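Listing of target22.cif, mmCIF, C-alpha atoms
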```cif
data_my_file
#
loop_
_atom_site.label_atom_id
_atom_site.label_comp_id
_atom_site.auth_asym_id
_atom_site.auth_seq_id
_atom_site.Cartn_x
_atom_site.Cartn_y
_atom_site.Cartn_z
CA MET P 299 35.33 26.47 191.23
CA ALA P 300 31.57 25.93 190.92
CA PHE P 301 29.92 26.55 187.54
CA HIS P 302 27.79 29.45 188.83
CA GLN P 303 30.90 31.14 190.21
CA LYS P 304 32.92 30.61 187.04
CA HIS P 305 30.11 31.66 184.70
CA PRO P 306 27.84 34.08 186.61
CA VAL P 307 26.33 35.68 183.50
CA LEU P 308 25.48 32.31 181.93
CA THR P 309 24.03 31.09 185.22
CA GLY P 310 21.83 34.17 185.45
CA PHE P 311 20.66 33.59 181.88
CA PHE P 312 19.64 30.00 182.64
CA ILE P 313 17.75 31.11 185.75
CA LEU P 314 15.86 33.81 183.85
CA ALA P 315 15.12 31.36 181.04
CA GLY P 316 13.69 28.93 183.58
CA ILE P 317 11.46 31.64 185.01
CA PHE P 318 10.28 32.51 181.50
CA LEU P 319 9.44 28.86 180.74
CA LEU P 320 7.54 28.59 184.02
CA PHE P 321 5.44 31.64 183.16
CA GLY P 322 5.05 30.35 179.62
CA GLY P 323 3.56 27.10 180.91
CA GLY P 324 1.11 29.07 183.01
CA ILE P 325 0.09 31.12 179.99
CA SER P 326 -0.45 27.94 177.97
CA LEU P 327 -2.80 26.65 180.64
CA LEU P 328 -4.59 30.00 180.69
CA LEU P 329 -5.06 30.05 176.94
CA SER P 330 -6.20 26.43 176.83
CA SER P 331 -8.84 27.21 179.43
CA MET P 332 -10.10 30.04 177.24
CA ILE P 333 -11.08 27.67 174.40
CA SER P 334 -13.20 25.28 176.43
CA PRO P 335 -16.61 24.70 174.86
CA ARG P 336 -19.65 26.55 176.18
CA PRO P 337 -23.22 25.25 176.46
CA ASN P 338 -25.51 25.62 173.47
CA GLY P 339 -27.13 29.03 173.26
CA SER P 340 -27.78 32.02 171.06
CA ALA P 341 -25.41 34.80 170.13
CA LEU P 342 -25.89 38.34 171.36
CA PHE P 343 -28.07 39.31 168.38
CA SER P 344 -30.78 36.74 169.21
CA LYS P 345 -34.32 38.17 169.08
CA LYS P 346 -35.78 35.43 171.27
CA SER P 347 -36.19 36.38 174.92
CA GLY P 348 -33.86 34.60 177.27
CA VAL P 349 -31.19 34.76 179.95
CA GLY P 350 -27.82 36.29 179.16
CA VAL P 351 -24.67 34.52 180.33
CA VAL P 352 -21.57 36.51 181.28
CA ASP P 353 -18.43 34.44 181.89
CA LEU P 354 -15.89 35.64 184.43
CA LYS P 355 -13.06 33.13 184.11
CA GLY P 356 -9.42 33.02 185.07
CA LEU P 357 -7.28 35.73 186.60
CA ILE P 358 -9.00 39.13 186.66
CA ALA P 359 -6.33 41.33 185.09
CA THR P 360 -8.58 43.92 183.43
CA SER P 361 -12.28 44.75 183.47
CA GLU P 362 -13.04 46.40 180.12
CA GLU P 363 -14.29 43.32 178.28
CA THR P 364 -16.62 42.23 181.09
CA LEU P 365 -17.94 45.77 181.55
CA ALA P 366 -18.71 46.02 177.83
CA VAL P 367 -20.65 42.74 177.83
CA LEU P 368 -22.66 43.77 180.90
CA ALA P 369 -23.50 47.11 179.30
CA ASP P 370 -24.62 45.40 176.08
CA PHE P 371 -26.76 42.89 177.98
CA ARG P 372 -28.28 45.68 180.04
CA LYS P 373 -29.50 47.42 176.88
CA ASN P 374 -30.62 44.26 175.05
CA ALA P 375 -34.41 43.98 175.35
CA ALA P 376 -34.31 40.26 174.52
CA ILE P 377 -32.27 39.58 177.65
CA LYS P 378 -34.62 39.52 180.64
CA ALA P 379 -32.07 38.41 183.24
CA ILE P 380 -28.39 37.53 183.49
CA VAL P 381 -26.32 34.71 184.97
CA LEU P 382 -22.81 35.73 185.99
CA ARG P 383 -20.85 32.47 185.70
CA ILE P 384 -17.69 32.69 187.81
CA ASP P 385 -14.60 30.47 187.71
CA SER P 386 -11.88 32.78 188.99
CA PRO P 387 -9.34 33.08 191.81
CA GLY P 388 -9.76 36.87 191.67
CA GLY P 389 -7.13 39.33 190.54
CA ALA P 390 -6.28 43.02 190.43
CA VAL P 391 -8.15 45.12 193.01
CA GLY P 392 -9.25 47.89 190.66
CA ALA P 393 -10.51 45.49 187.99
CA ALA P 394 -12.45 43.39 190.52
CA GLN P 395 -14.07 46.50 192.02
CA GLU P 396 -15.03 47.83 188.59
CA ILE P 397 -16.75 44.56 187.69
CA TYR P 398 -18.53 44.50 191.06
CA GLU P 399 -19.84 48.04 190.51
CA GLU P 400 -21.01 47.25 186.97
CA VAL P 401 -22.78 44.10 188.18
CA LYS P 402 -24.57 46.20 190.82
CA ARG P 403 -25.58 48.76 188.18
CA THR P 404 -26.89 46.01 185.90
CA ASN P 405 -28.81 44.31 188.71
CA LYS P 406 -30.81 47.52 189.19
CA VAL P 407 -32.02 47.26 185.58
CA LYS P 408 -32.56 43.50 185.29
CA PRO P 409 -31.88 40.64 187.73
CA VAL P 410 -28.38 39.18 187.84
CA VAL P 411 -27.75 35.79 189.48
CA ALA P 412 -24.25 34.51 190.27
CA SER P 413 -23.33 30.89 189.52
CA MET P 414 -20.02 29.75 190.98
CA GLY P 415 -18.19 26.92 189.26
CA SER P 416 -15.13 25.23 190.74
CA LEU P 417 -13.55 28.41 192.10
CA ALA P 418 -14.92 31.87 192.91
CA ALA P 419 -12.49 33.29 195.42
CA SER P 420 -11.43 36.76 196.53
CA GLY P 421 -12.06 39.11 193.58
CA GLY P 422 -14.23 36.42 191.99
CA TYR P 423 -16.38 36.38 195.12
CA TYR P 424 -16.32 40.20 195.23
CA ALA P 425 -17.93 40.35 191.78
CA ALA P 426 -20.73 38.04 192.94
CA LEU P 427 -21.68 40.42 195.75
CA GLY P 428 -23.36 42.76 193.28
CA THR P 429 -25.88 40.13 192.14
CA GLU P 430 -29.42 39.39 193.32
CA LYS P 431 -28.62 35.82 194.44
CA ILE P 432 -25.45 33.75 194.70
CA PHE P 433 -25.38 30.02 193.86
CA ALA P 434 -22.43 27.72 194.53
CA ASN P 435 -21.86 24.00 194.28
CA PRO P 436 -21.32 22.20 197.61
CA GLY P 437 -17.66 21.75 196.72
CA THR P 438 -17.02 25.16 195.15
CA LEU P 439 -14.02 26.95 196.65
CA THR P 440 -14.97 30.50 197.56
CA GLY P 441 -14.33 33.20 200.15
CA SER P 442 -10.70 34.24 200.53
CA VAL P 443 -11.81 37.72 201.54
CA GLY P 444 -8.47 39.47 201.70
CA VAL P 445 -5.79 41.48 199.91
CA ILE P 446 -2.28 40.50 198.90
CA VAL P 447 0.68 42.21 197.30
CA LYS P 448 3.64 40.24 195.96
CA PHE P 449 6.97 41.27 194.52
CA ALA P 450 10.32 39.59 194.01
CA ASN P 451 13.63 40.48 195.63
CA LEU P 452 16.18 39.71 192.90
CA GLU P 453 19.10 41.45 194.58
CA GLU P 454 21.27 38.32 194.82
CA LEU P 455 20.50 37.28 191.24
CA PHE P 456 21.35 40.74 189.93
CA HIS P 457 24.62 40.63 191.88
CA LYS P 458 25.56 37.27 190.33
CA ILE P 459 24.98 38.44 186.76
CA GLY P 460 26.61 41.83 187.31
CA TYR P 461 23.45 43.90 186.92
CA LYS P 462 23.31 47.21 188.79
CA ASN P 463 20.22 49.39 189.07
CA GLU P 464 20.86 53.12 189.48
CA VAL P 465 17.88 55.07 190.88
CA ILE P 466 17.40 58.82 191.24
CA LYS P 467 14.16 59.53 193.10
CA SER P 468 12.22 62.42 194.59
CA GLY P 469 11.47 60.65 197.87
CA ASP P 470 12.46 57.63 199.93
CA LEU P 471 9.31 55.72 199.00
CA LYS P 472 9.29 56.45 195.27
CA ASP P 473 10.76 53.06 194.28
CA ILE P 474 8.86 51.01 196.84
CA GLY P 475 8.87 47.34 195.89
CA SER P 476 12.01 47.59 193.78
CA PRO P 477 13.32 44.09 192.94
CA SER P 478 16.92 45.26 193.28
CA ARG P 479 16.89 45.72 197.06
CA PRO P 480 15.16 44.48 200.23
CA ILE P 481 12.02 46.23 201.46
CA THR P 482 12.55 48.67 204.33
CA GLU P 483 10.52 48.72 207.53
CA ALA P 484 9.00 52.08 206.55
CA GLU P 485 7.90 50.61 203.22
CA ARG P 486 6.49 47.52 204.90
CA ALA P 487 4.44 49.68 207.29
CA LEU P 488 3.13 51.84 204.43
CA LEU P 489 2.11 48.79 202.39
CA GLN P 490 0.43 47.21 205.40
CA ASP P 491 -1.63 50.37 205.98
CA LEU P 492 -2.59 50.39 202.31
CA ILE P 493 -3.60 46.72 202.36
CA ASP P 494 -5.59 47.17 205.57
CA ASN P 495 -7.54 50.04 204.00
CA ILE P 496 -8.36 48.09 200.84
CA HIS P 497 -9.22 45.04 202.93
CA SER P 498 -11.69 47.14 204.92
CA GLN P 499 -13.40 48.16 201.67
CA PHE P 500 -13.91 44.48 200.84
CA VAL P 501 -15.20 43.72 204.35
CA ARG P 502 -17.68 46.61 204.24
CA ASP P 503 -19.11 45.47 200.91
CA VAL P 504 -19.47 41.87 202.12
CA ALA P 505 -21.25 43.07 205.27
CA GLU P 506 -23.57 45.33 203.28
CA HIS P 507 -24.61 42.84 200.62
CA ARG P 508 -24.79 39.76 202.82
CA GLY P 509 -26.59 41.48 205.68
CA LEU P 510 -23.93 40.49 208.19
CA PRO P 511 -22.39 42.55 211.02
CA GLU P 512 -19.02 43.94 209.99
CA ASP P 513 -17.34 42.45 213.07
CA GLU P 514 -18.63 39.02 212.10
CA VAL P 515 -17.35 39.41 208.55
CA ARG P 516 -13.89 40.40 209.82
CA LYS P 517 -13.66 37.06 211.64
CA LEU P 518 -14.18 35.31 208.29
CA ALA P 519 -12.05 37.74 206.28
CA ASP P 520 -8.57 36.48 207.13
CA GLY P 521 -8.03 35.05 203.66
CA ARG P 522 -9.45 31.60 204.41
CA ILE P 523 -11.35 29.70 201.74
CA PHE P 524 -14.69 27.96 202.20
CA SER P 525 -16.50 25.14 200.47
CA GLY P 526 -19.89 26.03 199.05
CA GLU P 527 -21.55 24.31 202.00
CA GLN P 528 -19.42 26.22 204.50
CA ALA P 529 -20.05 29.50 202.69
CA LYS P 530 -23.81 28.97 202.83
CA ALA P 531 -23.66 28.18 206.56
CA ALA P 532 -21.63 31.37 207.09
CA GLY P 533 -24.10 33.48 205.11
CA LEU P 534 -21.65 34.26 202.30
CA ILE P 535 -23.88 32.78 199.57
CA ASP P 536 -27.61 32.18 199.15
CA GLU P 537 -28.15 28.73 197.67
CA LEU P 538 -26.42 25.47 196.80
CA GLY P 539 -27.00 24.63 193.16
CA ASN P 540 -25.45 24.40 189.72
CA PHE P 541 -25.57 26.57 186.62
CA THR P 542 -29.01 25.26 185.64
CA ASP P 543 -30.44 26.16 189.04
CA ALA P 544 -29.06 29.69 188.69
CA ALA P 545 -30.43 30.04 185.14
CA LEU P 546 -33.89 28.85 186.22
CA LEU P 547 -34.00 31.37 189.06
CA ALA P 548 -32.78 34.13 186.75
CA ALA P 549 -35.56 33.23 184.30
CA LYS P 550 -38.15 33.39 187.07
CA LEU P 551 -36.88 36.75 188.31
CA GLY P 552 -36.91 38.03 184.73
CA GLY P 553 -40.52 37.01 184.16
CA LEU P 554 -39.75 34.04 181.92
CA ASP P 555 -41.01 30.45 182.13
CA ALA P 556 -39.12 28.97 185.06
CA GLU P 557 -40.24 25.38 184.45
CA GLU P 558 -37.61 24.65 181.81
CA LEU P 559 -34.14 25.91 180.98
CA PRO P 560 -34.52 29.28 179.23
CA GLU P 561 -32.89 30.35 176.02
CA LEU P 562 -29.28 31.17 176.92
CA ILE P 563 -27.81 34.20 175.20
CA TYR P 564 -24.03 34.57 175.04
CA PRO P 565 -21.85 37.38 173.72
CA ALA P 566 -20.87 36.99 170.08
CA GLY P 567 -18.29 34.19 170.02
CA LYS P 568 -14.73 34.27 168.77
CA ASN P 569 -14.23 32.64 165.37
CA SER P 570 -10.73 31.26 165.76
CA PHE P 571 -7.95 30.52 168.19
CA LEU P 572 -6.13 33.67 167.05
CA ASP P 573 -9.25 35.72 167.72
CA MET P 574 -9.42 34.36 171.23
CA ILE P 575 -5.80 34.99 172.15
CA SER P 576 -5.92 38.49 170.69
CA THR P 577 -8.78 39.70 172.90
CA GLU P 578 -8.13 42.81 174.94
CA SER P 579 -8.15 40.95 178.25
CA SER P 580 -5.63 38.37 177.01
CA LEU P 581 -3.24 40.98 175.66
CA ASN P 582 -3.56 43.07 178.79
CA PHE P 583 -2.82 40.01 180.92
CA LEU P 584 0.34 39.24 178.95
CA ASN P 585 1.38 42.89 179.21
CA LEU P 586 0.74 42.84 182.95
CA LEU P 587 2.74 39.65 183.37
CA PHE P 588 5.83 40.59 181.38
CA THR P 589 6.10 44.37 181.72
CA LYS P 590 4.96 45.24 185.23
CA LYS P 591 7.68 46.92 187.25
CA HIS P 592 5.76 47.45 190.44
CA PRO P 593 3.81 45.27 192.88
CA ILE P 594 0.14 44.71 192.04
CA LEU P 595 -2.44 44.80 194.83
CA SER P 596 -4.78 41.87 194.38
CA TYR P 597 -8.03 40.44 195.63
CA GLU P 598 -6.67 37.03 194.71
CA TRP P 599 -6.47 33.56 196.20
CA SER P 600 -2.95 32.30 195.54
CA GLY P 601 -3.38 28.80 196.90
CA ASN P 602 -2.86 25.57 195.00
CA LEU P 603 -4.82 22.49 196.05
#
```

Reformat the file's structure so that it appears as structure tokens.
Amino acid sequence: MAFHQKHPVLTGFFILAGIFLLFGGGISLLLSSMISPRPNGSALFSKKSGVGVVDLKGLIATSEETLAVLADFRKNAAIKAIVLRIDSPGGAVGAAQEIYEEVKRTNKVKPVVASMGSLAASGGYYAALGTEKIFANPGTLTGSVGVIVKFANLEELFHKIGYKNEVIKSGDLKDIGSPSRPITEAERALLQDLIDNIHSQFVRDVAEHRGLPEDEVRKLADGRIFSGEQAKAAGLIDELGNFTDAALLAAKLGGLDAEELPELIYPAGKNSFLDMISTESSLNFLNLLFTKKHPILSYEWSGNL
């Protein structure tokens, strides 16, 4: 008799442990990316006029921290313009839309310029739409205008380890996306309608901010990614250039000397590794990863090149 048949509970434990280690490795990479050094610049309390820098990095799980920084920068008289530096595959729909709306609100008060790093896809691209101008490197990966929902079907695993899920519900669709059973055709149709609606919201905002016909945007909005060069040719961004180019334009739009790199003003930094991993966004991400019991709709590029 095979080991998994003789010891189903132990087999299930090993499988779950493997999944945990896989997620743990991903979290380690996420946390290591959070402690990368930033360019020299002033803290938020600087009295010298300059350009504020707002980082939007990694998976967009929550929006509160980014919204708070944008609000502070909006009120800070020393900050004449803002660069939104994006290195993100996107993330949760609601969080991405909240950041986009706050960027739009801020851009009405002082100019905001987007600078895309290696990756600014889906929700990361969505956030950039609210800015005055969008810069990308020629090789930046961007676009991925689309919506995705993912959930696991663990029915066979639960059966092997003897786990049974009893559900009492008020309607047939109340436990949609349950990991203990396959999705039904009615549920699939409902989710597809939901995704199509949220996708249309994304398409409309791209068309509005990029000055493109909605029908033309829909042809590009099948989830495909673009290089920076391709995105510029398609009208999805404004200019090819790096962070310095974006900062110089922001300085010019903000009435500062555009001949040299302006004073860069960052939010008050974290003082230790523990400070960084205990930020609200980090804790919310861990909570989202390990406690979610329902599928999450995402403006997210899930590719791996």

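Among the candidates P:Gly441, P:Pro477, P:Gly350, P:Gly428, the residue lying nearest to Ser386 in chain P is P:Gly441 (atoms considered: all atoms listed in the file).
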
Option closest in space to Asp370 in chain P, from P:Tyr564, P:Phe456, P:Tyr461, P:Trp599 [counting all atoms listed in the file]: P:Tyr564

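Minimum atom-to-atom distances from P:Thr438, P:Thr429, P:Thr482, P:Ser420 to Lys408 in chain P were compared using all atoms listed in the file, and the lowest value belongs to P:Thr429.
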
Can I get the residues of range 377-422 of chain P within 6 Å of range 539-555 of chain P, each with the closest pair of atoms and their distance in Å to one decimal, using only C-alpha atoms, sorted chain first then ascending number, as a Markdown table?
```
| residue | atom | partner | partner_atom | distance |
| --- | --- | --- | --- | --- |
| P:Lys378 | CA | P:Gly552 | CA | 4.9 |
| P:Ala379 | CA | P:Gly552 | CA | 5.1 |
| P:Val411 | CA | P:Ala548 | CA | 6.0 |
| P:Ser413 | CA | P:Phe541 | CA | 5.7 |
```

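Ranking P:Leu427, P:Leu365, P:Leu452, P:Leu489 by their shortest atom-to-atom distance to Asp503 in chain P, with only C-alpha atoms included, puts P:Leu427 first.
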
Let me know the residues the PyMOL selection byres ((chain P and resi 596) around 10) catches in the file above, as a PyMOL selection string. chain P and resi 358-359+388-394+420-421+444-448+493+496+593-595+597-600

Expected answer as a ChimeraX atom specification: all residues with atoms within 10 Å of (-21.8, 45.1, 186.0), only C-alpha atoms: /P:352,361,364-369,371-372,382,395-406,410,425-426,428-429

I need the output of the PyMOL selection byres ((chain P and resi 522) around 9) for this file as an mmCIF file with C-alpha atoms, in the frame of the given file; which residues are they?
```cif
data_model
loop_
_atom_site.group_PDB
_atom_site.id
_atom_site.type_symbol
_atom_site.label_atom_id
_atom_site.label_comp_id
_atom_site.auth_asym_id
_atom_site.auth_seq_id
_atom_site.Cartn_x
_atom_site.Cartn_y
_atom_site.Cartn_z
ATOM 1 C CA THR P 440 -14.970 30.500 197.560
ATOM 2 C CA GLY P 441 -14.330 33.200 200.150
ATOM 3 C CA SER P 442 -10.700 34.240 200.530
ATOM 4 C CA VAL P 443 -11.810 37.720 201.540
ATOM 5 C CA GLY P 444 -8.470 39.470 201.700
ATOM 6 C CA LEU P 518 -14.180 35.310 208.290
ATOM 7 C CA ALA P 519 -12.050 37.740 206.280
ATOM 8 C CA ASP P 520 -8.570 36.480 207.130
ATOM 9 C CA GLY P 521 -8.030 35.050 203.660
ATOM 10 C CA ILE P 523 -11.350 29.700 201.740
ATOM 11 C CA PHE P 524 -14.690 27.960 202.200
ATOM 12 C CA TRP P 599 -6.470 33.560 196.200
#
```

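Remark: for Phe433 in chain P, the closest of the candidate residues P:Pro565, P:Arg383, P:Gly356, P:Pro409 is P:Arg383 (distances computed over only C-alpha atoms).
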
Give me, please, the distance in Å between CA of Pro560 in chain P and CA of Leu354 in chain P, quoted to one decimal. 20.4 Å

How big is the axis-aligned box around all listed atoms of range 485-489 of chain P once 3 Å goes on each side, and where's its centre, in Å to one decimal, as lines of an AutoDock Vina configuration file?
```
center_x = 5.0
center_y = 49.7
center_z = 204.8
size_x = 11.8
size_y = 10.3
size_z = 10.9
```

Counting all atoms listed in the file, the option among P:Asp353, P:Ala376, P:Glu512, P:Pro436 closest to Ala531 in chain P: P:Pro436
